[in-house]
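These notes concern the structure reproduced below.
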Amino acid sequence: MQYVDEFRDPELAKTLLSHIRHKVSAIAKASERPLQLMEVCGGHTHAIYKFGIDQLLPPEIEFVHGPGCPVCVLPMGRIDGCIEIAERPEVIFCTYGDAMRVPGRNGSLLDAKRRGADVRIVYSPLDTLTFAEQNPDKQVVFFGLGFETTMPSTALTLQQAKRRGLTNFSIFCQHITIIPTLRSLLEQPDVRIDGFLAPGHVSMVIGTTPYGFIAEDFHKPLVVTGFEPLDILQALAMLVDQIHDGRCEVENQYKRIVSQQGNALARKALDEVFELKESSEWRGLGSIAGSGVQLTPAYREFDAELRFNTQEHQVADDPQARCGDVLTGRCKPNDCPLFGTRCTPQNAFGALMVSSEGACAAYYQYRRGLA
């Protein structure tokens, strides 16, 4: 299969695994405790467990799961804010499918739809502009969420809405940025991470330059990587090479997609539409300075929270759920007392089990029952 088999060649995989085992065996730190390598992106988590990569690696390598799934870090209060708007009779509320089942204090958007709210799933935010033009007597609201991966499509949609002069369209903005969160993670004294697999999709937009502080200030190696098995194995080989050699650098395994400077057109659109907020709340991680965005003054007329004057909902995480500990590498998903019992993909208690990229969902699908 062209463009797939090239990234799943068994002989190349064996060569890379042999290289990783050889280098890890020569790292003194790995003989004292396993090397903790964080895969920041939930897409990497699923690829690692789907292809059984974790089972092929030496025991001296331990994966910890990072905060790179936007649905997993969605606070319950933000879902409550969405539902407050969605249940207004004049509103058509639109979002991506994986946000529908994330529980808030008053249920999920799917529950709101069952109660009669007009909640619709879209595959592109541009579809919501069509709804707005076809329903001039309705207010169409798009729930914009995600990292720099999905921000450009929201930004382009807002630029289109402005050009078309739409007055019945707005967005509920829950876009967040990964860089301040990685810094916050590294500043926590009890979090020990030996290296990072950095997200490929986010890096496609922002480039590799913004990760420089991780090597320079925190002396941790980082490799941007893709999502195929050989991508991940090659990135791991690059990481253990750095650790073995005592180097801390930002390297790019995903050069076929990611450049040093990222996507200039996408970043220009982001700069026009979004600006950093003072702080943003993350589920399980608390409030992180400079980690969220809001609309710039030129686009603030499209801010749904201002248009509908919504309340700010603050909902504390349930102390039984260990979502935050999983997202910071302090525990594995199956260490949570709710895993597989009160919290399953069919009846999710925490967002890490809801999202298709969530670490708990990956464990439940691929690792349940394994030691």
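Here, A, B, ... name the chains of the structure tokens in the order displayed, residue numbers run from 1 inside each chain, and ligands are numbered from 1 in the same displayed order.
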Need to verify the contact set: stretch 270-278 of chain A, 12 Å, only C-alpha atoms, exclusion of same-chain residues closer than 6 positions in sequence. Can you return it as a count of residues only? 45
Skip A:Pro59 itself and residues of its chain fewer than 4 positions away, then list as a ChimeraX atom specification all residues within 10 Å of it, counting only C-alpha atoms. /A:21,24,30,33-35,54-55
If you run DSSP over the backbone, which residues in stretch 122-218 of chain A end up strand (DSSP E or B)? Put them as a ChimeraX atom specification. /A:139-146,169-176,195-198
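Taking only C-alpha atoms into account, A:Thr167 lies nearest to A:Pro136 out of the set A:Gly195, A:Pro10, A:Pro136, A:Pro345.
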Using only C-alpha atoms, which residues sit within 9 Å of A:Tyr211 once same-chain residues fewer than 5 positions away are excluded, as an mmCIF file with all heavy atoms, in the first residue's frame?
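Contents of around27.cif, as written:
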```
data_model
loop_
_atom_site.group_PDB
_atom_site.id
_atom_site.type_symbol
_atom_site.label_atom_id
_atom_site.label_comp_id
_atom_site.auth_asym_id
_atom_site.auth_seq_id
_atom_site.Cartn_x
_atom_site.Cartn_y
_atom_site.Cartn_z
ATOM 1 N N ILE A 179 2.469 25.551 24.143
ATOM 2 C CA ILE A 179 3.789 25.931 24.657
ATOM 3 C C ILE A 179 3.754 26.362 26.131
ATOM 4 O O ILE A 179 4.553 25.866 26.944
ATOM 5 C CB ILE A 179 4.417 27.018 23.763
ATOM 6 C CG1 ILE A 179 4.666 26.451 22.351
ATOM 7 C CG2 ILE A 179 5.714 27.539 24.379
ATOM 8 C CD1 ILE A 179 5.637 25.290 22.305
ATOM 9 N N ALA A 198 7.316 15.472 20.580
ATOM 10 C CA ALA A 198 6.466 16.653 20.398
ATOM 11 C C ALA A 198 5.424 16.413 19.311
ATOM 12 O O ALA A 198 5.654 15.642 18.376
ATOM 13 C CB ALA A 198 7.327 17.865 20.054
ATOM 14 N N LEU A 222 14.113 16.969 22.876
ATOM 15 C CA LEU A 222 12.767 16.919 22.284
ATOM 16 C C LEU A 222 12.892 16.569 20.807
ATOM 17 O O LEU A 222 13.795 17.063 20.120
ATOM 18 C CB LEU A 222 12.089 18.274 22.457
ATOM 19 C CG LEU A 222 10.683 18.458 21.872
ATOM 20 C CD1 LEU A 222 9.851 19.387 22.761
ATOM 21 C CD2 LEU A 222 10.740 19.026 20.443
ATOM 22 N N VAL A 250 16.429 20.423 20.128
ATOM 23 C CA VAL A 250 15.142 20.253 19.455
ATOM 24 C C VAL A 250 15.430 19.668 18.084
ATOM 25 O O VAL A 250 16.107 20.299 17.260
ATOM 26 C CB VAL A 250 14.401 21.598 19.318
ATOM 27 C CG1 VAL A 250 13.128 21.426 18.480
ATOM 28 C CG2 VAL A 250 14.060 22.149 20.696
#
```
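Closest approach to A:Gln188 among A:Val91, A:Ala47, A:Leu285, A:Ala361: A:Leu285, based on only C-alpha atoms.
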For A:Val240, which residue among A:Leu12, A:Leu166, A:Leu110, A:Leu37 is the nearest when counting only C-alpha atoms? A:Leu37
Which residues, written as a count of residues only, have at least one atom at most 7 Å from A:His46, with only C-alpha atoms counted and residues fewer than 4 positions away on the same chain left out? 4
